[in-house]
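Visitor: Coordinates in model_32.tsv, TSV, C-alpha atoms, are listed below.
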chain	number	residue	atom	x	y	z
M	1	MET	CA	-14.04	-27.31	12.83
M	2	ARG	CA	-14.54	-26.72	16.51
M	3	ASP	CA	-15.62	-23.33	17.83
M	4	ARG	CA	-12.99	-20.82	18.83
M	5	ASN	CA	-13.17	-17.99	21.31
M	6	PHE	CA	-12.69	-14.81	19.28
M	7	LYS	CA	-12.18	-11.22	20.38
M	8	ARG	CA	-13.28	-8.26	18.25
M	9	VAL	CA	-10.20	-6.04	17.90
M	10	MET	CA	-9.93	-2.57	16.37
M	11	VAL	CA	-6.98	-2.92	13.99
M	12	TRP	CA	-7.36	-0.31	11.24
M	13	GLU	CA	-8.18	3.17	12.51
M	14	LEU	CA	-10.50	5.43	10.52
M	15	SER	CA	-7.54	7.47	9.26
M	16	VAL	CA	-5.78	4.35	7.95
M	17	ARG	CA	-8.94	3.22	6.18
M	18	LEU	CA	-9.34	6.63	4.57
M	19	PHE	CA	-5.70	6.60	3.44
M	20	HIS	CA	-6.25	3.15	1.94
M	21	TRP	CA	-9.39	3.98	-0.03
M	22	ILE	CA	-8.04	7.33	-1.23
M	23	ASN	CA	-5.02	5.42	-2.53
M	24	VAL	CA	-7.29	2.91	-4.26
M	25	LEU	CA	-9.30	5.63	-6.02
M	26	THR	CA	-6.30	7.75	-7.01
M	27	ILE	CA	-4.34	4.76	-8.34
M	28	ILE	CA	-7.31	3.70	-10.47
M	29	VAL	CA	-7.74	7.23	-11.84
M	30	LEU	CA	-4.00	7.68	-12.41
M	31	THR	CA	-3.74	4.33	-14.20
M	32	LEU	CA	-6.71	4.94	-16.53
M	33	THR	CA	-5.73	8.51	-17.39
M	34	GLY	CA	-2.08	7.46	-17.66
M	35	PHE	CA	-2.96	4.92	-20.34
M	36	ILE	CA	-4.83	7.61	-22.30
M	37	ILE	CA	-1.93	10.08	-21.98
M	38	ALA	CA	0.60	7.42	-23.06
M	39	ASN	CA	-1.50	6.39	-26.06
M	40	PRO	CA	-4.06	9.13	-26.80
M	41	PRO	CA	-6.99	8.12	-29.02
M	42	ALA	CA	-7.63	9.85	-32.32
M	43	LEU	CA	-10.74	12.01	-31.92
M	44	GLN	CA	-12.75	12.77	-35.05
M	45	SER	CA	-14.52	16.11	-34.72
M	46	SER	CA	-15.54	18.99	-36.98
M	47	ALA	CA	-15.09	21.49	-34.16
M	48	GLU	CA	-12.21	23.94	-34.06
M	49	ALA	CA	-9.09	22.61	-32.35
M	50	THR	CA	-9.22	25.48	-29.84
M	51	ASN	CA	-12.65	24.26	-28.70
M	52	LEU	CA	-11.52	20.68	-28.06
M	53	HIS	CA	-10.43	20.28	-24.48
M	54	SER	CA	-10.90	16.51	-23.96
M	55	PHE	CA	-7.20	15.69	-23.70
M	56	GLY	CA	-6.61	18.69	-21.48
M	57	ILE	CA	-9.35	17.41	-19.17
M	58	VAL	CA	-7.66	14.01	-19.03
M	59	ARG	CA	-4.34	15.63	-18.10
M	60	PHE	CA	-6.06	17.82	-15.50
M	61	ILE	CA	-7.67	14.76	-13.88
M	62	HIS	CA	-4.33	12.91	-13.94
M	63	PHE	CA	-2.44	15.77	-12.33
M	64	GLY	CA	-5.22	16.39	-9.78
M	65	ALA	CA	-5.19	12.72	-8.76
M	66	ALA	CA	-1.39	12.88	-8.55
M	67	TYR	CA	-1.56	15.77	-6.06
M	68	ILE	CA	-4.11	13.90	-3.95
M	69	PHE	CA	-1.96	10.75	-4.04
M	70	PHE	CA	1.14	12.73	-3.02
M	71	PHE	CA	-0.44	14.56	-0.08
M	72	ASN	CA	-2.24	11.40	1.03
M	73	MET	CA	1.17	9.68	1.16
M	74	ILE	CA	2.61	12.54	3.24
M	75	LEU	CA	-0.27	12.25	5.73
M	76	ARG	CA	0.17	8.46	5.91
M	77	ILE	CA	3.85	8.94	6.80
M	78	TYR	CA	2.79	11.33	9.55
M	79	TRP	CA	0.22	8.82	10.83
M	80	SER	CA	2.89	6.12	11.05
M	81	PHE	CA	4.30	8.11	14.00
M	82	VAL	CA	1.04	8.94	15.80
M	83	GLY	CA	-1.28	6.01	14.96
M	84	ASN	CA	-1.79	2.74	16.77
M	85	GLN	CA	0.66	-0.19	16.79
M	86	PHE	CA	-0.77	-1.69	13.59
M	87	SER	CA	-0.25	1.50	11.55
M	88	SER	CA	3.10	2.41	13.17
M	89	TRP	CA	6.30	2.47	11.11
M	90	ARG	CA	7.59	-0.24	13.46
M	91	ALA	CA	5.07	-2.66	11.94
M	92	PHE	CA	6.92	-2.29	8.62
M	93	TRP	CA	10.47	-2.58	10.00
M	94	PRO	CA	11.87	-5.76	8.38
M	95	PHE	CA	15.09	-6.20	10.37
M	96	SER	CA	14.02	-8.48	13.20
M	97	ARG	CA	14.09	-12.24	13.81
M	98	LYS	CA	10.36	-12.32	14.54
M	99	MET	CA	9.61	-10.57	11.24
M	100	TRP	CA	11.74	-12.98	9.19
M	101	ASN	CA	10.32	-16.06	10.91
M	102	ASN	CA	6.83	-14.88	10.06
M	103	PHE	CA	7.99	-14.02	6.53
M	104	TRP	CA	9.01	-17.61	5.76
M	105	HIS	CA	5.86	-18.94	7.39
M	106	VAL	CA	3.64	-16.77	5.17
M	107	MET	CA	5.67	-17.73	2.09
M	108	LYS	CA	5.15	-21.39	2.90
M	109	ILE	CA	1.40	-21.06	3.46
M	110	ASP	CA	0.47	-18.36	0.91
M	111	ILE	CA	2.89	-19.03	-1.94
M	112	MET	CA	3.68	-22.74	-1.73
M	113	LEU	CA	0.22	-23.54	-0.30
M	114	LEU	CA	1.62	-26.01	2.24
M	115	ASN	CA	-0.40	-27.04	5.29
M	116	GLU	CA	0.94	-27.03	8.82
M	117	ASP	CA	0.95	-30.25	10.83
M	118	HIS	CA	0.65	-28.29	14.07
M	119	PRO	CA	-0.70	-24.77	13.46
M	120	ASP	CA	0.47	-22.11	15.92
M	121	VAL	CA	-1.71	-19.03	16.45
M	122	LYS	CA	1.35	-16.84	16.95
M	123	ASN	CA	2.07	-17.21	13.22
M	124	ILE	CA	-1.20	-15.46	12.31
M	125	SER	CA	-0.55	-11.71	12.34
M	126	ILE	CA	-3.20	-9.42	13.76
M	127	GLY	CA	-2.22	-6.52	11.52
M	128	HIS	CA	-0.03	-6.90	8.44
M	129	ASN	CA	1.93	-10.12	8.12
M	130	SER	CA	5.65	-9.88	7.33
M	131	VAL	CA	5.27	-10.42	3.58
M	132	ALA	CA	2.63	-7.69	3.40
M	133	SER	CA	4.81	-5.33	5.47
M	134	PHE	CA	7.80	-5.93	3.21
M	135	SER	CA	5.71	-5.49	0.06
M	136	TYR	CA	4.34	-2.18	1.37
M	137	VAL	CA	7.87	-0.90	1.94
M	138	VAL	CA	8.67	-1.77	-1.69
M	139	LEU	CA	5.39	-0.17	-2.78
M	140	PHE	CA	6.29	3.00	-0.89
M	141	LEU	CA	9.59	3.16	-2.80
M	142	MET	CA	7.66	2.64	-6.04
M	143	ALA	CA	5.32	5.47	-5.04
M	144	LEU	CA	8.34	7.75	-4.53
M	145	ILE	CA	9.56	6.85	-8.02
M	146	GLN	CA	6.14	7.75	-9.44
M	147	VAL	CA	6.11	11.05	-7.56
M	148	PHE	CA	9.62	12.03	-8.69
M	149	THR	CA	9.19	10.99	-12.32
M	150	GLY	CA	5.60	12.24	-12.60
M	151	PHE	CA	6.32	15.71	-11.24
M	152	ALA	CA	9.49	15.85	-13.34
M	153	LEU	CA	7.43	15.33	-16.50
M	154	TYR	CA	4.91	17.92	-15.32
M	155	ALA	CA	7.43	20.53	-14.16
M	156	ASP	CA	7.97	22.24	-17.53
M	157	THR	CA	4.27	23.04	-18.00
M	158	SER	CA	3.44	23.78	-14.37
M	159	GLY	CA	3.37	27.22	-12.86
M	160	TRP	CA	3.48	26.00	-9.25
M	161	TRP	CA	6.70	25.66	-7.28
M	162	LEU	CA	6.07	22.09	-6.07
M	163	PRO	CA	6.48	20.28	-9.42
M	164	LYS	CA	9.41	22.54	-10.26
M	165	LEU	CA	11.31	21.05	-7.31
M	166	PHE	CA	11.71	17.96	-9.50
M	167	THR	CA	13.16	19.65	-12.62
M	168	TRP	CA	16.54	18.01	-11.90
M	169	VAL	CA	15.13	14.47	-12.36
M	170	SER	CA	14.97	14.47	-16.18
M	171	PRO	CA	18.56	15.71	-16.70
M	172	PHE	CA	19.73	13.23	-14.05
M	173	PHE	CA	18.27	10.27	-15.99
M	174	GLY	CA	19.21	11.65	-19.40
M	175	GLY	CA	15.95	13.11	-20.66
M	176	ASP	CA	12.17	12.88	-20.59
M	177	PHE	CA	12.04	9.66	-22.62
M	178	ILE	CA	13.85	7.63	-19.93
M	179	VAL	CA	11.84	9.28	-17.15
M	180	ARG	CA	8.56	8.53	-18.97
M	181	THR	CA	9.64	4.91	-19.48
M	182	ILE	CA	10.43	4.50	-15.77
M	183	HIS	CA	7.09	6.09	-14.90
M	184	HIS	CA	5.26	3.71	-17.24
M	185	ILE	CA	7.05	0.54	-16.02
M	186	THR	CA	6.41	1.45	-12.39
M	187	MET	CA	2.72	1.82	-13.20
M	188	TRP	CA	2.69	-1.81	-14.34
M	189	ILE	CA	4.33	-2.81	-11.05
M	190	PHE	CA	1.45	-1.06	-9.25
M	191	ILE	CA	-1.06	-2.99	-11.36
M	192	PHE	CA	0.65	-6.31	-10.63
M	193	PHE	CA	0.83	-5.54	-6.90
M	194	SER	CA	-2.87	-4.62	-6.83
M	195	LEU	CA	-3.89	-7.93	-8.42
M	196	VAL	CA	-1.78	-9.97	-5.98
M	197	HIS	CA	-2.97	-7.84	-3.05
M	198	ILE	CA	-6.66	-8.37	-3.86
M	199	TYR	CA	-6.14	-12.12	-4.28
M	200	LEU	CA	-4.30	-12.50	-0.95
M	201	VAL	CA	-6.86	-10.40	0.96
M	202	PHE	CA	-9.72	-12.62	-0.19
M	203	TYR	CA	-7.57	-15.74	0.31
M	204	HIS	CA	-6.86	-14.84	3.94
M	205	ASP	CA	-10.47	-13.86	4.49
M	206	TRP	CA	-11.55	-17.32	3.32
M	207	LEU	CA	-8.71	-19.23	5.01
M	208	GLU	CA	-8.72	-17.54	8.40
M	209	GLY	CA	-12.28	-16.24	8.60
M	210	ARG	CA	-11.28	-13.17	10.62
M	211	GLY	CA	-12.98	-10.46	8.56
M	212	GLU	CA	-9.96	-9.47	6.48
M	213	VAL	CA	-12.10	-7.77	3.83
M	214	SER	CA	-14.64	-6.15	6.14
M	215	SER	CA	-11.85	-4.84	8.42
M	216	MET	CA	-10.89	-2.26	5.81
M	217	PHE	CA	-14.46	-0.93	5.96
M	218	GLY	CA	-15.21	-1.19	9.68
M	219	GLY	CA	-11.71	-1.42	11.14
M	220	TYR	CA	-12.32	-4.57	13.21
M	221	LYS	CA	-10.85	-8.05	12.91
M	222	PHE	CA	-11.83	-11.15	14.85
M	223	VAL	CA	-8.80	-12.52	16.64
M	224	ARG	CA	-8.59	-15.69	18.69
M	225	THR	CA	-8.34	-14.71	22.35
M	226	ASP	CA	-5.19	-16.74	22.98
M	227	ARG	CA	-3.50	-15.09	19.99
M	228	PHE	CA	-4.57	-11.64	21.18
M	229	LEU	CA	-3.29	-12.25	24.71
M	230	LYS	CA	0.08	-13.44	23.37
M	231	HIS	CA	0.28	-10.36	21.16
M	232	GLU	CA	-0.49	-8.01	24.06
M	233	LYS	CA	2.08	-9.76	26.24
M	234	GLN	CA	4.76	-9.49	23.54
M	235	SER	CA	3.95	-5.80	22.94
M	236	LYS	CA	4.38	-5.01	26.63
M	237	LYS	CA	7.66	-6.96	26.68
M	238	ASP	CA	8.97	-5.02	23.66
M	239	LYS	CA	8.10	-1.70	25.33
M	240	VAL	CA	9.95	-2.71	28.51
M	241	GLU	CA	13.05	-3.72	26.51
M	242	LYS	CA	13.05	-0.36	24.73
Take the structure I supplied and represent it as structure tokens, if you would.
Guide:
Amino acid sequence: MRDRNFKRVMVWELSVRLFHWINVLTIIVLTLTGFIIANPPALQSSAEATNLHSFGIVRFIHFGAAYIFFFNMILRIYWSFVGNQFSSWRAFWPFSRKMWNNFWHVMKIDIMLLNEDHPDVKNISIGHNSVASFSYVVLFLMALIQVFTGFALYADTSGWWLPKLFTWVSPFFGGDFIVRTIHHITMWIFIFFSLVHIYLVFYHDWLEGRGEVSSMFGGYKFVRTDRFLKHEKQSKKDKVEK
């Protein structure tokens, strides 16, 4: 493969990287503790029941991680209005011809694994591609479901006003059993998304060689100069039209 002229571009700001890794850690903790809460192990001990706090510790860790996940999500929403163009809410807006054209291109290359006869650099997104953007919108909705159902299950035993804002959720769905089932199923959707996400990140890193993995640590991607210039030109054009 012949050499290309690449430009080192700051794509993911420090705040975005922190949001990402906090999400990773909290989702792992929430998933592991959630499994234990859903199916608690039988603990054999000769100690008095009042001195056994292992399950309470698990619940405390789960609820603590839930608070961190919730406030991290609130801060990420705020950053979508003040961050750069790659973290902006506009990057996730699916209702545009450009977004859908890129969506079908990514589906063809990533899902059906078809090669292009004449590759065009404009089809390689600098930030999130259209499929990733769409999947993150769906993931955000899933996160809202987890927040609503999780705090609803916690509301009865919590003394703080925040979880009690969600006391209406259980009666709305017909009881805690349905809410717990929704919470559990959505967790499996998170697990499935995480597996696909990790695969595609490494796939793009290998296929495009632009530092997809390292960019979430250092923030920089390597973008072909002609692609970067086209992107800058299109961004200026979009601003003028607005």
Visitor: Using all atoms listed in the file, determine which residues lie at most 8 Å from M:Glu212, disregarding the query and same-chain residues fewer than 6 positions distant; provide the list as a VMD selection string.
Guide: chain M and resid 201 to 202 204 to 205 221
Visitor: Which one is closest to M:Leu200: M:Trp161, M:Phe81, M:Ser215, M:Val131? Count all atoms listed in the file.
Guide: M:Val131
Visitor: May I ask which of the residues M:Phe60, M:Trp104, M:Phe19, M:Phe35 is the closest one to M:Ser158, counting all atoms listed in the file?
Guide: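 Looking at the shortest contact to M:Ser158, the residue is M:Phe60.
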Visitor: Would you compute the distance between atom CA of M:Ile28 and atom CA of M:Leu153? Give it in Å to one decimal.
Guide: 19.7 Å
Visitor: Identify, on the basis of only C-alpha atoms, every residue whose closest approach to M:Tyr67 does not exceed 10 Å; exclude the query and any residue fewer than 4 positions from it along the same chain; express the result as number ranges by chain.
Guide: M: 26, 61-63, 71-73, 147, 151, 162-163
Visitor: So that I can see what lies close to M:Arg180, please list as a PDB file with C-alpha atoms, keeping the file's coordinate frame the residues with an atom at most 12 Å from it, counting only C-alpha atoms and leaving out residues fewer than 2 positions away in the same chain.
Guide:
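Produced file selection.pdb, reproduced below:
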ATOM      1  CA  GLY M  34      -2.080   7.460 -17.660  1.00  0.00           C
ATOM      2  CA  ILE M  37      -1.930  10.080 -21.980  1.00  0.00           C
ATOM      3  CA  ALA M  38       0.600   7.420 -23.060  1.00  0.00           C
ATOM      4  CA  ILE M 145       9.560   6.850  -8.020  1.00  0.00           C
ATOM      5  CA  GLN M 146       6.140   7.750  -9.440  1.00  0.00           C
ATOM      6  CA  VAL M 147       6.110  11.050  -7.560  1.00  0.00           C
ATOM      7  CA  PHE M 148       9.620  12.030  -8.690  1.00  0.00           C
ATOM      8  CA  THR M 149       9.190  10.990 -12.320  1.00  0.00           C
ATOM      9  CA  GLY M 150       5.600  12.240 -12.600  1.00  0.00           C
ATOM     10  CA  PHE M 151       6.320  15.710 -11.240  1.00  0.00           C
ATOM     11  CA  ALA M 152       9.490  15.850 -13.340  1.00  0.00           C
ATOM     12  CA  LEU M 153       7.430  15.330 -16.500  1.00  0.00           C
ATOM     13  CA  TYR M 154       4.910  17.920 -15.320  1.00  0.00           C
ATOM     14  CA  VAL M 169      15.130  14.470 -12.360  1.00  0.00           C
ATOM     15  CA  SER M 170      14.970  14.470 -16.180  1.00  0.00           C
ATOM     16  CA  PHE M 173      18.270  10.270 -15.990  1.00  0.00           C
ATOM     17  CA  GLY M 174      19.210  11.650 -19.400  1.00  0.00           C
ATOM     18  CA  GLY M 175      15.950  13.110 -20.660  1.00  0.00           C
ATOM     19  CA  ASP M 176      12.170  12.880 -20.590  1.00  0.00           C
ATOM     20  CA  PHE M 177      12.040   9.660 -22.620  1.00  0.00           C
ATOM     21  CA  ILE M 178      13.850   7.630 -19.930  1.00  0.00           C
ATOM     22  CA  ILE M 182      10.430   4.500 -15.770  1.00  0.00           C
ATOM     23  CA  HIS M 183       7.090   6.090 -14.900  1.00  0.00           C
ATOM     24  CA  HIS M 184       5.260   3.710 -17.240  1.00  0.00           C
ATOM     25  CA  ILE M 185       7.050   0.540 -16.020  1.00  0.00           C
ATOM     26  CA  THR M 186       6.410   1.450 -12.390  1.00  0.00           C
ATOM     27  CA  MET M 187       2.720   1.820 -13.200  1.00  0.00           C
TER      28      MET M 187
END
Visitor: What does the structure give for the distance between atom CA of M:Arg76 and atom CA of M:Val16, in Å to one decimal?
Guide: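 So the two atoms, atom CA of M:Arg76 and atom CA of M:Val16, lie 7.5 Å apart.
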Visitor: Could you give me, as a CSV table (one decimal) with C-alpha atoms, keeping the file's coordinate frame, the residues within 12 Å of M:Ser88, counting all atoms listed in the file and dropping anything in the same chain fewer than 2 positions from it?
Guide:
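Here's the written file selection_7.csv:
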chain,number,residue,atom,x,y,z
M,11,VAL,CA,-7.0,-2.9,14.0
M,12,TRP,CA,-7.4,-0.3,11.2
M,13,GLU,CA,-8.2,3.2,12.5
M,16,VAL,CA,-5.8,4.4,8.0
M,76,ARG,CA,0.2,8.5,5.9
M,77,ILE,CA,3.8,8.9,6.8
M,78,TYR,CA,2.8,11.3,9.6
M,79,TRP,CA,0.2,8.8,10.8
M,80,SER,CA,2.9,6.1,11.0
M,81,PHE,CA,4.3,8.1,14.0
M,82,VAL,CA,1.0,8.9,15.8
M,83,GLY,CA,-1.3,6.0,15.0
M,84,ASN,CA,-1.8,2.7,16.8
M,85,GLN,CA,0.7,-0.2,16.8
M,86,PHE,CA,-0.8,-1.7,13.6
M,90,ARG,CA,7.6,-0.2,13.5
M,91,ALA,CA,5.1,-2.7,11.9
M,92,PHE,CA,6.9,-2.3,8.6
M,93,TRP,CA,10.5,-2.6,10.0
M,127,GLY,CA,-2.2,-6.5,11.5
M,128,HIS,CA,0.0,-6.9,8.4
M,133,SER,CA,4.8,-5.3,5.5
Visitor: With only C-alpha atoms as the atoms that count, which of M:Leu75, M:Ala155, M:Val179, M:Leu141 lies nearest to M:Asn23?
Guide: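 Ranking M:Leu75, M:Ala155, M:Val179, M:Leu141 by distance to M:Asn23, first place goes to M:Leu75.
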Visitor: Pick out the closest residue to M:Phe222 from this set: M:Lys7, M:His53, M:His197, M:Lys108. Count all atoms listed in the file.
Guide: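 With all atoms listed in the file as the atom set, the closest residue is M:Lys7.
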Visitor: Closest to M:Tyr136 among M:His20, M:Phe172, M:Thr181, M:Met216, using only C-alpha atoms?
Guide: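 Once distances to M:Tyr136 are computed over only C-alpha atoms, the minimum belongs to M:His20.
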Visitor: Restricting the calculation to only C-alpha atoms, which member of M:Met142, M:Leu207, M:Pro41, M:Ala65 is positioned closest to M:Trp188?
Guide: M:Met142
Visitor: For atom CA of M:Ala143 and atom CA of M:Phe70, determine how far apart the two atoms are, in Å to one decimal place.
Guide: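 Separating atom CA of M:Ala143 from atom CA of M:Phe70 is a distance of 8.6 Å.
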Visitor: Could you pull stretch 1-20 of chain M out of the block above and give me N, CA, C and O atoms, as a PDB file, in the first residue's frame?
Guide:
ATOM      1  N   MET M   1       0.841  -1.186   0.000  1.00  0.00           N
ATOM      2  CA  MET M   1       0.000   0.000   0.000  1.00  0.00           C
ATOM      3  C   MET M   1       0.881   1.241   0.000  1.00  0.00           C
ATOM      4  O   MET M   1       1.795   1.359   0.801  1.00  0.00           O
ATOM      5  N   ARG M   2       0.554   2.163  -0.880  1.00  0.00           N
ATOM      6  CA  ARG M   2       1.394   3.348  -0.984  1.00  0.00           C
ATOM      7  C   ARG M   2       1.166   4.277   0.201  1.00  0.00           C
ATOM      8  O   ARG M   2       0.118   4.284   0.832  1.00  0.00           O
ATOM      9  N   ASP M   3       2.191   5.103   0.476  1.00  0.00           N
ATOM     10  CA  ASP M   3       2.131   6.004   1.627  1.00  0.00           C
ATOM     11  C   ASP M   3       1.061   7.066   1.426  1.00  0.00           C
ATOM     12  O   ASP M   3       0.817   7.546   0.324  1.00  0.00           O
ATOM     13  N   ARG M   4       0.454   7.450   2.505  1.00  0.00           N
ATOM     14  CA  ARG M   4      -0.540   8.525   2.493  1.00  0.00           C
ATOM     15  C   ARG M   4      -0.027   9.682   3.339  1.00  0.00           C
ATOM     16  O   ARG M   4       0.789   9.496   4.242  1.00  0.00           O
ATOM     17  N   ASN M   5      -0.563  10.857   3.047  1.00  0.00           N
ATOM     18  CA  ASN M   5      -0.224  12.028   3.839  1.00  0.00           C
ATOM     19  C   ASN M   5      -1.291  12.177   4.925  1.00  0.00           C
ATOM     20  O   ASN M   5      -2.441  12.501   4.628  1.00  0.00           O
ATOM     21  N   PHE M   6      -0.904  11.921   6.169  1.00  0.00           N
ATOM     22  CA  PHE M   6      -1.855  11.964   7.268  1.00  0.00           C
ATOM     23  C   PHE M   6      -1.646  13.201   8.133  1.00  0.00           C
ATOM     24  O   PHE M   6      -0.531  13.698   8.272  1.00  0.00           O
ATOM     25  N   LYS M   7      -2.750  13.651   8.729  1.00  0.00           N
ATOM     26  CA  LYS M   7      -2.715  14.789   9.653  1.00  0.00           C
ATOM     27  C   LYS M   7      -3.194  14.296  11.017  1.00  0.00           C
ATOM     28  O   LYS M   7      -4.171  13.554  11.111  1.00  0.00           O
ATOM     29  N   ARG M   8      -2.497  14.681  12.058  1.00  0.00           N
ATOM     30  CA  ARG M   8      -2.856  14.291  13.429  1.00  0.00           C
ATOM     31  C   ARG M   8      -3.927  15.259  13.930  1.00  0.00           C
ATOM     32  O   ARG M   8      -3.688  16.460  14.053  1.00  0.00           O
ATOM     33  N   VAL M   9      -5.119  14.735  14.194  1.00  0.00           N
ATOM     34  CA  VAL M   9      -6.278  15.576  14.516  1.00  0.00           C
ATOM     35  C   VAL M   9      -6.802  15.227  15.903  1.00  0.00           C
ATOM     36  O   VAL M   9      -7.006  14.050  16.226  1.00  0.00           O
ATOM     37  N   MET M  10      -7.008  16.259  16.732  1.00  0.00           N
ATOM     38  CA  MET M  10      -7.633  16.065  18.034  1.00  0.00           C
ATOM     39  C   MET M  10      -9.129  15.855  17.826  1.00  0.00           C
ATOM     40  O   MET M  10      -9.843  16.775  17.417  1.00  0.00           O
ATOM     41  N   VAL M  11      -9.604  14.640  18.097  1.00  0.00           N
ATOM     42  CA  VAL M  11     -11.010  14.312  17.886  1.00  0.00           C
ATOM     43  C   VAL M  11     -11.759  14.231  19.214  1.00  0.00           C
ATOM     44  O   VAL M  11     -12.768  14.882  19.414  1.00  0.00           O
ATOM     45  N   TRP M  12     -11.236  13.432  20.146  1.00  0.00           N
ATOM     46  CA  TRP M  12     -11.929  13.219  21.426  1.00  0.00           C
ATOM     47  C   TRP M  12     -11.270  14.056  22.511  1.00  0.00           C
ATOM     48  O   TRP M  12     -10.142  13.795  22.908  1.00  0.00           O
ATOM     49  N   GLU M  13     -11.974  15.064  22.980  1.00  0.00           N
ATOM     50  CA  GLU M  13     -11.465  15.927  24.043  1.00  0.00           C
ATOM     51  C   GLU M  13     -11.309  15.135  25.347  1.00  0.00           C
ATOM     52  O   GLU M  13     -11.881  14.055  25.505  1.00  0.00           O
ATOM     53  N   LEU M  14     -10.531  15.695  26.270  1.00  0.00           N
ATOM     54  CA  LEU M  14     -10.288  15.015  27.543  1.00  0.00           C
ATOM     55  C   LEU M  14     -11.603  14.704  28.259  1.00  0.00           C
ATOM     56  O   LEU M  14     -11.772  13.613  28.815  1.00  0.00           O
ATOM     57  N   SER M  15     -12.530  15.636  28.242  1.00  0.00           N
ATOM     58  CA  SER M  15     -13.817  15.418  28.909  1.00  0.00           C
ATOM     59  C   SER M  15     -14.557  14.224  28.314  1.00  0.00           C
ATOM     60  O   SER M  15     -15.121  13.404  29.046  1.00  0.00           O
ATOM     61  N   VAL M  16     -14.551  14.113  26.989  1.00  0.00           N
ATOM     62  CA  VAL M  16     -15.236  13.005  26.329  1.00  0.00           C
ATOM     63  C   VAL M  16     -14.580  11.681  26.698  1.00  0.00           C
ATOM     64  O   VAL M  16     -15.267  10.673  26.936  1.00  0.00           O
ATOM     65  N   ARG M  17     -13.254  11.680  26.758  1.00  0.00           N
ATOM     66  CA  ARG M  17     -12.545  10.447  27.118  1.00  0.00           C
ATOM     67  C   ARG M  17     -12.856  10.052  28.557  1.00  0.00           C
ATOM     68  O   ARG M  17     -13.012   8.854  28.864  1.00  0.00           O
ATOM     69  N   LEU M  18     -12.936  11.026  29.439  1.00  0.00           N
ATOM     70  CA  LEU M  18     -13.286  10.730  30.828  1.00  0.00           C
ATOM     71  C   LEU M  18     -14.704  10.191  30.925  1.00  0.00           C
ATOM     72  O   LEU M  18     -14.958   9.213  31.650  1.00  0.00           O
ATOM     73  N   PHE M  19     -15.646  10.806  30.197  1.00  0.00           N
ATOM     74  CA  PHE M  19     -17.019  10.309  30.190  1.00  0.00           C
ATOM     75  C   PHE M  19     -17.052   8.858  29.727  1.00  0.00           C
ATOM     76  O   PHE M  19     -17.746   8.021  30.302  1.00  0.00           O
ATOM     77  N   HIS M  20     -16.282   8.561  28.687  1.00  0.00           N
ATOM     78  CA  HIS M  20     -16.260   7.214  28.111  1.00  0.00           C
ATOM     79  C   HIS M  20     -15.760   6.186  29.115  1.00  0.00           C
ATOM     80  O   HIS M  20     -16.398   5.146  29.340  1.00  0.00           O
TER      81      HIS M  20
END
